[in-house]
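Q: Below is a structure I'd like to ask you about.
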Amino acid sequence: MSGVNAESTRDIEGLRQVNLSAVLSLLRQSSPLSRKELADLTGLNKATITRLVRELIAHGLVREVGLQSVKSGRPSILLRLDPEGGYIIGVGLEVSSCSVILVDFAGEYIWRRDLPYQANDPASSLNCALKLVEEANQIAQTFRRPVLGIGVSAPGLVDNTRGFLHFAPNLGWRDIPLKQIFEDRFSFPVYVDNHANMAALGEFYFGSARDCSYGIYVEFTEGVGGGIIIDQHILAGVTGLAGEVGHTTINPEGPKCNCGNRGCWEAYVNSAALLQRAQFYQLKNKQDSTRMVEQSVQEYQTITQITEGAKAGDPAALEALKVTGYYVGIGLANLINVFNPDEIILGGYLKTVFEFMISEINRV
């Protein structure tokens, strides 16, 4: 009997945690809300919502912020997340730098710092990130706010259940126990996932996809990754590695990818591929030109330069973007055919050049 009671207690505690999480998620997305609105949205009865809200207020995570305007009857008290409930630290491990940000419990920016590092030295790079996290923690202490957790994002194959980075092709890292490394240094809860999944959650919680229940976020940078969201949860797959859309093959005889395979979508549409095309068309146009004049456009070295060139009407930039748009369209068409999502959100460098690719993407 005692075993049954203990199991029942665990089940009740688990359900309470799920309900608390549901209330916090709704307030994060749609504040301010009344207790009645929370009951309607969660399907929980008013008494349960009252108990849950009381607990969250006692922990400093939710606050009452005024009365709801009503035409008749008693106005309801409105609730929202309490920004002073604590701070969260975010860590972004990039190809050439690390970024650390400190936000309050409502997600508002408090502090950020970026530092370059040499990605070919994982130990040194991670030490850079750890030092920035320590700096963020000290800032939180000056405000006398607890740090509630750390979120770490990394490019590559990440098992988010263990916080383990299997392989980051564009960093050259293998078998890095990221969660353990940060937990050994700090006492806060640590969550680790790849860039695309983290960015997808950001878009669906705070960005352009807030009203979308089933969508895909695709990030185009030095690599290409995807985050698949269903009812505001990441589709992780059995081992947490789902969403590696950049390594789907679109041409088995294509160029070699950093992952070691050939013809990956990433090899056709990442930032390096776009730069190589722009440089190729610059050289081709120069060789084809019969005018004895010096080229007015210097060799493209950055996506920003290509964007500026396209806006100025440079044929090399426009052709490179057109061809890249064709390959972007092929990959997106594959995603649409396989997943049939409500929406696809595009991030990374594509946000700045999309206007020059859209017609080719739609044509595919």
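Ordering of the structure tokens sets the chain letters (A, B, ...); residue numbers start at 1 within each chain; ligands are numbered from 1 in the order shown.
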Could you give me, as a ChimeraX atom specification, each residue of segment 111-339 of chain A that DSSP assigns to helix (DSSP H, G or I) when run on this structure's backbone?
A: /A:122-142,178-185,195-206,245-247,265-269,271-288,303-311,315-339
Q: Using only C-alpha atoms, which protein or nucleic acid residues come within 12 Å of Tyr109 of chain A? Drop anything in the same chain fewer than 5 positions from it, and give the result as a compact mmCIF listing (two decimals) with C-alpha atoms, in the first residue's frame.
A:
# COMPACT_ATOMS: atom_id res chain seq x y z
CA PRO A 83 10.21 40.26 -14.61
CA TYR A 87 17.23 35.90 -14.66
CA ILE A 88 18.08 33.44 -17.43
CA ILE A 89 21.47 33.21 -19.13
CA GLY A 90 21.69 32.33 -22.80
CA VAL A 100 26.18 35.42 -23.75
CA ILE A 101 22.97 37.25 -22.89
CA LEU A 102 21.16 37.91 -19.62
CA VAL A 103 17.37 38.34 -19.67
CA ASP A 104 14.75 38.74 -16.98
Q: Using only C-alpha atoms, which protein or nucleic acid residues come within 7 Å of Thr161 of chain A? Drop anything in the same chain fewer than 2 positions from it, and give the result as a VMD selection string.
A: chain A and resid 159 163 240
Q: Okay, now the selection with all heavy atoms, as a short mmCIF file (atom, residue, chain, number, x, y, z; two decimals), in the first residue's frame?
A:
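Generated output (result.cif):
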data_model
loop_
_atom_site.label_atom_id
_atom_site.label_comp_id
_atom_site.auth_asym_id
_atom_site.auth_seq_id
_atom_site.Cartn_x
_atom_site.Cartn_y
_atom_site.Cartn_z
N ASP A 159 22.39 16.02 -28.88
CA ASP A 159 21.42 15.20 -28.15
C ASP A 159 20.93 16.04 -26.98
O ASP A 159 21.61 16.18 -25.96
CB ASP A 159 22.09 13.92 -27.66
CG ASP A 159 21.13 13.02 -26.88
OD1 ASP A 159 20.01 13.47 -26.56
OD2 ASP A 159 21.52 11.88 -26.57
N GLY A 163 22.34 16.73 -23.38
CA GLY A 163 23.15 17.94 -23.53
C GLY A 163 24.52 17.63 -24.11
O GLY A 163 25.52 18.25 -23.73
N GLY A 240 17.07 13.00 -30.25
CA GLY A 240 17.20 14.45 -30.18
C GLY A 240 17.88 15.07 -31.37
O GLY A 240 18.25 16.24 -31.33
#
Q: Any chance you could list, as a PyMOL selection string, the residues in segment 32-128 of chain A that come up strand (DSSP E or B) when DSSP is run on the backbone?
A: chain A and resi 33-34+62-67+77-81+87-93+97-104+109-116
Q: Output C-alpha atoms for every residue in that selection, as a PDB file, in the first residue's frame.
A:
ATOM      1  CA  LEU A  33      -4.633  37.192 -18.536  1.00  0.00           C
ATOM      2  CA  SER A  34      -7.204  36.767 -15.795  1.00  0.00           C
ATOM      3  CA  VAL A  62       3.743  35.956 -11.424  1.00  0.00           C
ATOM      4  CA  ARG A  63       2.292  39.291 -10.379  1.00  0.00           C
ATOM      5  CA  GLU A  64      -1.114  40.958 -10.403  1.00  0.00           C
ATOM      6  CA  VAL A  65      -1.096  44.020 -12.646  1.00  0.00           C
ATOM      7  CA  GLY A  66      -4.551  45.607 -12.539  1.00  0.00           C
ATOM      8  CA  LEU A  67      -8.172  45.031 -13.374  1.00  0.00           C
ATOM      9  CA  ILE A  77      -7.589  40.805 -11.749  1.00  0.00           C
ATOM     10  CA  LEU A  78      -5.066  40.514 -14.548  1.00  0.00           C
ATOM     11  CA  LEU A  79      -1.838  38.524 -14.264  1.00  0.00           C
ATOM     12  CA  ARG A  80       1.514  38.545 -16.037  1.00  0.00           C
ATOM     13  CA  LEU A  81       4.978  37.144 -15.527  1.00  0.00           C
ATOM     14  CA  TYR A  87      17.228  35.896 -14.663  1.00  0.00           C
ATOM     15  CA  ILE A  88      18.076  33.441 -17.432  1.00  0.00           C
ATOM     16  CA  ILE A  89      21.471  33.215 -19.126  1.00  0.00           C
ATOM     17  CA  GLY A  90      21.690  32.329 -22.801  1.00  0.00           C
ATOM     18  CA  VAL A  91      24.888  31.087 -24.442  1.00  0.00           C
ATOM     19  CA  GLY A  92      25.411  30.980 -28.201  1.00  0.00           C
ATOM     20  CA  LEU A  93      28.450  29.066 -29.474  1.00  0.00           C
ATOM     21  CA  SER A  97      32.703  33.745 -31.435  1.00  0.00           C
ATOM     22  CA  CYS A  98      30.537  33.156 -28.403  1.00  0.00           C
ATOM     23  CA  SER A  99      27.640  35.297 -27.247  1.00  0.00           C
ATOM     24  CA  VAL A 100      26.176  35.420 -23.755  1.00  0.00           C
ATOM     25  CA  ILE A 101      22.973  37.253 -22.886  1.00  0.00           C
ATOM     26  CA  LEU A 102      21.159  37.907 -19.624  1.00  0.00           C
ATOM     27  CA  VAL A 103      17.365  38.337 -19.671  1.00  0.00           C
ATOM     28  CA  ASP A 104      14.751  38.745 -16.980  1.00  0.00           C
ATOM     29  CA  TYR A 109      17.124  42.062 -22.397  1.00  0.00           C
ATOM     30  CA  ILE A 110      19.397  43.016 -19.476  1.00  0.00           C
ATOM     31  CA  TRP A 111      22.965  42.503 -20.711  1.00  0.00           C
ATOM     32  CA  ARG A 112      24.929  40.980 -23.577  1.00  0.00           C
ATOM     33  CA  ARG A 113      28.535  40.402 -24.501  1.00  0.00           C
ATOM     34  CA  ASP A 114      30.251  38.795 -27.502  1.00  0.00           C
ATOM     35  CA  LEU A 115      33.840  37.550 -27.685  1.00  0.00           C
ATOM     36  CA  PRO A 116      35.772  36.070 -30.620  1.00  0.00           C
TER      37      PRO A 116
END
Q: What's around segment 312-324 of chain A at 7 Å? Count only C-alpha atoms, leave out sequence neighbours fewer than 4 positions away in its own chain, and write the answer as a list of chain:residue names.
A: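 With the cut-off at 7 Å, the set is A:Val269, A:Leu274, A:Arg277, A:Ala278, A:Tyr281, A:Gln282, A:Ile306, A:Glu308, A:Val328, A:Phe356, A:Met357, A:Glu360.
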Q: Under the rule that only C-alpha atoms are counted, which of A:Lys311, A:Ile57, A:Gln180, A:Phe339 is the nearest residue to Val245 of chain A?
A: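 Under the stated criterion, the closest residue is A:Phe339.
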Q: Could you check the closest approach to Tyr205 of chain A for each of A:Ile330, A:Ala47, A:Ile181, A:Ala106 and tell me which residue wins, using only C-alpha atoms?
A: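 Of all the options, A:Ala106 lies closest to Tyr205 of chain A.
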Q: Record the distance separating atom CA of Val23 of chain A and atom CA of Glu55 of chain A, expressed in Å with one decimal.
A: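 Straight-line distance from atom CA of Val23 of chain A to atom CA of Glu55 of chain A works out to 11.3 Å.
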Q: Residues near segment 230-235 of chain A, anyone? I mean within 10 Å using only C-alpha atoms, not counting same-chain ones fewer than 3 positions away, as a list in words.
A: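 So, after excluding close chain neighbours, the residues are Ser25, Asn197, Met198, Ala200, Leu201, Phe204, Tyr205, Ala209, Arg210, Asp211, Cys212, Ser213, Tyr214, Gly215, Ile216, Gly227, Val238, Gly240, Leu241, Ala242, Gly243 and Pro341 of chain A.
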Q: Output the selection as a tab-separated table (two decimals), in the first residue's frame - C-alpha atoms for each residue.
A:
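And here is the file that came out, again-v6.tsv:
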chain	number	residue	atom	x	y	z
A	25	SER	CA	3.56	29.29	-20.90
A	197	ASN	CA	15.91	24.40	-32.37
A	198	MET	CA	16.65	27.27	-30.00
A	200	ALA	CA	12.69	27.99	-33.60
A	201	LEU	CA	11.49	28.18	-30.00
A	204	PHE	CA	7.30	30.49	-31.83
A	205	TYR	CA	7.36	32.03	-28.35
A	209	ALA	CA	5.27	32.46	-35.56
A	210	ARG	CA	3.52	33.05	-32.24
A	211	ASP	CA	0.13	32.05	-33.64
A	212	CYS	CA	1.42	29.02	-35.55
A	213	SER	CA	0.81	25.56	-34.06
A	214	TYR	CA	2.83	23.55	-36.58
A	215	GLY	CA	5.77	25.01	-38.42
A	216	ILE	CA	9.43	24.75	-39.38
A	227	GLY	CA	13.70	23.30	-35.96
A	238	VAL	CA	14.37	9.43	-30.85
A	240	GLY	CA	17.20	14.45	-30.18
A	241	LEU	CA	18.80	14.83	-33.62
A	242	ALA	CA	15.72	15.57	-35.75
A	243	GLY	CA	15.70	18.70	-37.90
A	341	PRO	CA	3.52	22.64	-42.16
Q: If you take only C-alpha atoms and a cut-off of 12 Å, which residues of segment 183-260 of chain A touch segment 119-137 of chain A, and what are their nearest atom pairs and distances in Å to one decimal, in chain and number order, as CSV?
A:
residue,atom,partner,partner_atom,distance
A:Glu183,CA,A:Leu130,CA,10.6
A:Asp184,CA,A:Leu130,CA,10.6
A:Arg185,CA,A:Leu130,CA,7.9
A:Phe186,CA,A:Glu134,CA,8.5
A:Ser187,CA,A:Asn137,CA,11.0
A:Phe188,CA,A:Asn137,CA,10.2
A:Val190,CA,A:Val133,CA,11.8
Q: Can you work out the spacing between atom CA of Ile344 of chain A and atom CA of Val218 of chain A in Å, to one decimal?
A: 7.4 Å
Q: Please indicate the distance in Å from atom CA of Gly348 of chain A to atom CA of Phe220 of chain A, rounded to one decimal place.
A: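 If I compute the distance from atom CA of Gly348 of chain A to atom CA of Phe220 of chain A, I get 4.6 Å.
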Q: Looking at only C-alpha atoms, which of A:Arg162, A:Arg51, A:Lys36, A:Arg145 is the one that sits closest to Asn19 of chain A?
A: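 Using only C-alpha atoms, the shortest distance to Asn19 of chain A belongs to A:Arg51.
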